[in-house]
There are 2 protein chains.
Amino acid sequence: MSHLINVSEAASLALHGLTIVAQQSPNKVNSKYLAEKLDASEAHLAKIFQRLSKSGLIRSFRGPTGGFMLNKPAEEISFLDIYEIIESKIILNDCPLDKAGCPFENCIFGDALKNISYNIYQTFENIKLSDFTK
Amino acid sequence: MSHLINVSEAASLALHGLTIVAQQSPNKVNSKYLAEKLDASEAHLAKIFQRLSKSGLIRSFRGPTGGFMLNKPAEEISFLDIYEIIESKIILNDCPLDKAGCPFENCIFGDALKNISYNIYQTFENIKLSDFTK
DNA sequence: CCTATTTCGGTATTTTAGTACCAGAATTAT
DNA sequence: ATAATTCTGGTACTAAAATACCGAAATAGG
């Protein structure tokens, strides 16, 4: 199993949800609000934000008036950060076949997969939470 | 389910197997030979080549002395062709969320996903079966 | 013909990703 | 204290992708 890259609903919800959190800053935002706003499952959003919280990207508060807020400036949070937390994988990748048994001395893919990964890396890093707070 | 892109073992085996077929051209190559050469499951390879055959990329011959051969010059077959047959999906993609319920007027991803897709498209198209027959 | 070989096509199994659920712990306000 | 609210963490469920299997059909050679 060797995903070069994919954008799940979870990763996209995280980006959208966090952007809303950034917009509401410094107020806290809870998952019920986010679910309504994004027209998405609250259970799902809660799980996603749990992971974001655990990673340190955001802070969480329980109880009434509880919710989530960013743990650093919106300018310093990129979709790359979010992607790696939610998909919990690194983008860089190469041929999924076992190199030991491969009859080709030089990989057929050459640098293609690495180049693609690099492009993705750069692109994701340029998407910042602050893009929609101005 | 919205895979931006992924390279499965199947797609990679197809590329490797077809390159071997190209190298042996104009001789036919059977799946047993490919399985041994690539140190892979014959059943799996057979299934992959069945799909390649059905798509018209290669021709197949049953019975003793049977096997597979390219249906057009190696220079004209790219990994993009192979990828789209095996993964049976197009690379171009955008935000996996339902646009109707999205509160953001302008998509947060902007052109990022399209740009990445375009890059992948170009890169895969530049990988030709003939790369390893010279 | 008869047999050995090889692909074909359908299906079954396995694995993994993705999503949803629920009881429990923490917090706030009354 | 009590009740209401909200996150937490483990788990269960669903769906889909990826791989493996197997009987049937086709072909070539003796």
# chains A, B, ... in the order shown; residues from 1 in each chain; ligands from 1

$ closest_atom_pairs --of "chain A" --to "chain D" --cutoff "7 Å" --atoms "only C-alpha atoms (C1' of nucleotides)" --output "tab-separated table"
residue	atom	partner	partner_atom	distance
A:Phe61	CA	D:DC7	C1'	6.8
A:Arg62	CA	D:DT6	C1'	4.8
A:Gly63	CA	D:DT6	C1'	4.4
A:Pro64	CA	D:DT5	C1'	4.5
A:Gly66	CA	D:DT6	C1'	5.9

$ write_last_selection --atoms "C-alpha atoms" --output "compact mmCIF listing (two decimals), in the first residue's frame"
# COMPACT_ATOMS: atom_id res chain seq x y z
CA PHE A 61 -11.28 23.31 26.31
CA ARG A 62 -14.03 21.12 27.74
CA GLY A 63 -17.33 21.99 29.31
CA PRO A 64 -19.74 24.79 28.57
CA GLY A 66 -15.47 25.02 25.70

$ select_by_dssp --residues "segment 15-110 of chain A" --states "strand (DSSP E)" --output "ChimeraX atom specification"
/A:58-61,67-70

$ closest_atom_pairs --of "chain A" --to "chain C" --cutoff "12 Å" --atoms "only C-alpha atoms (C1' of nucleotides)" --output "JSON lines"
{"residue": "A:Met1", "atom": "CA", "partner": "C:DT16", "partner_atom": "C1'", "distance": 8.4}
{"residue": "A:Ser2", "atom": "CA", "partner": "C:DT16", "partner_atom": "C1'", "distance": 11.2}
{"residue": "A:His3", "atom": "CA", "partner": "C:DA17", "partner_atom": "C1'", "distance": 11.1}
{"residue": "A:Asn6", "atom": "CA", "partner": "C:DA17", "partner_atom": "C1'", "distance": 11.2}
{"residue": "A:Val7", "atom": "CA", "partner": "C:DG18", "partner_atom": "C1'", "distance": 11.8}
{"residue": "A:Ser8", "atom": "CA", "partner": "C:DG18", "partner_atom": "C1'", "distance": 8.3}
{"residue": "A:Glu9", "atom": "CA", "partner": "C:DG18", "partner_atom": "C1'", "distance": 8.7}
{"residue": "A:Ala10", "atom": "CA", "partner": "C:DG18", "partner_atom": "C1'", "distance": 8.5}
{"residue": "A:Ala11", "atom": "CA", "partner": "C:DG18", "partner_atom": "C1'", "distance": 11.3}
{"residue": "A:Ala40", "atom": "CA", "partner": "C:DT19", "partner_atom": "C1'", "distance": 11.5}
{"residue": "A:Ser41", "atom": "CA", "partner": "C:DA20", "partner_atom": "C1'", "distance": 8.6}
{"residue": "A:Glu42", "atom": "CA", "partner": "C:DA20", "partner_atom": "C1'", "distance": 9.6}
{"residue": "A:Ala43", "atom": "CA", "partner": "C:DA20", "partner_atom": "C1'", "distance": 6.6}
{"residue": "A:His44", "atom": "CA", "partner": "C:DT19", "partner_atom": "C1'", "distance": 6.7}
{"residue": "A:Leu45", "atom": "CA", "partner": "C:DT19", "partner_atom": "C1'", "distance": 10.3}
{"residue": "A:Ala46", "atom": "CA", "partner": "C:DA20", "partner_atom": "C1'", "distance": 10.9}
{"residue": "A:Lys47", "atom": "CA", "partner": "C:DT19", "partner_atom": "C1'", "distance": 9.8}
{"residue": "A:Ile48", "atom": "CA", "partner": "C:DT19", "partner_atom": "C1'", "distance": 10.8}
{"residue": "A:Ser60", "atom": "CA", "partner": "C:DA26", "partner_atom": "C1'", "distance": 11.4}
{"residue": "A:Phe61", "atom": "CA", "partner": "C:DT27", "partner_atom": "C1'", "distance": 8.0}
{"residue": "A:Arg62", "atom": "CA", "partner": "C:DT27", "partner_atom": "C1'", "distance": 5.6}
{"residue": "A:Gly63", "atom": "CA", "partner": "C:DT27", "partner_atom": "C1'", "distance": 4.2}
{"residue": "A:Pro64", "atom": "CA", "partner": "C:DT28", "partner_atom": "C1'", "distance": 5.4}
{"residue": "A:Thr65", "atom": "CA", "partner": "C:DT28", "partner_atom": "C1'", "distance": 7.3}
{"residue": "A:Gly66", "atom": "CA", "partner": "C:DT27", "partner_atom": "C1'", "distance": 8.0}
{"residue": "A:Gly67", "atom": "CA", "partner": "C:DT27", "partner_atom": "C1'", "distance": 11.3}
{"residue": "A:Ile86", "atom": "CA", "partner": "C:DG18", "partner_atom": "C1'", "distance": 11.5}
{"residue": "A:Glu87", "atom": "CA", "partner": "C:DA17", "partner_atom": "C1'", "distance": 10.0}
{"residue": "A:Ser88", "atom": "CA", "partner": "C:DA17", "partner_atom": "C1'", "distance": 11.9}

$ interface_residues --of "chain A" --to "chain B" --cutoff "10 Å" --atoms "only C-alpha atoms" --output "ChimeraX atom specification"
/A:1-13,15-16,19-20,36-40,79,93-98,100-104,106-113,115-117,119-124,126-129,131-132

$ atom_distance --atom1 "atom CA of Glu125 of chain A" --atom2 "atom CA of Arg51 of chain A"
19.6 Å

$ select_by_dssp --residues "chain A" --states "alpha helix (DSSP H)" --output "PyMOL selection string"
chain A and resi 9-24+31-38+42-54+79-86+112-125
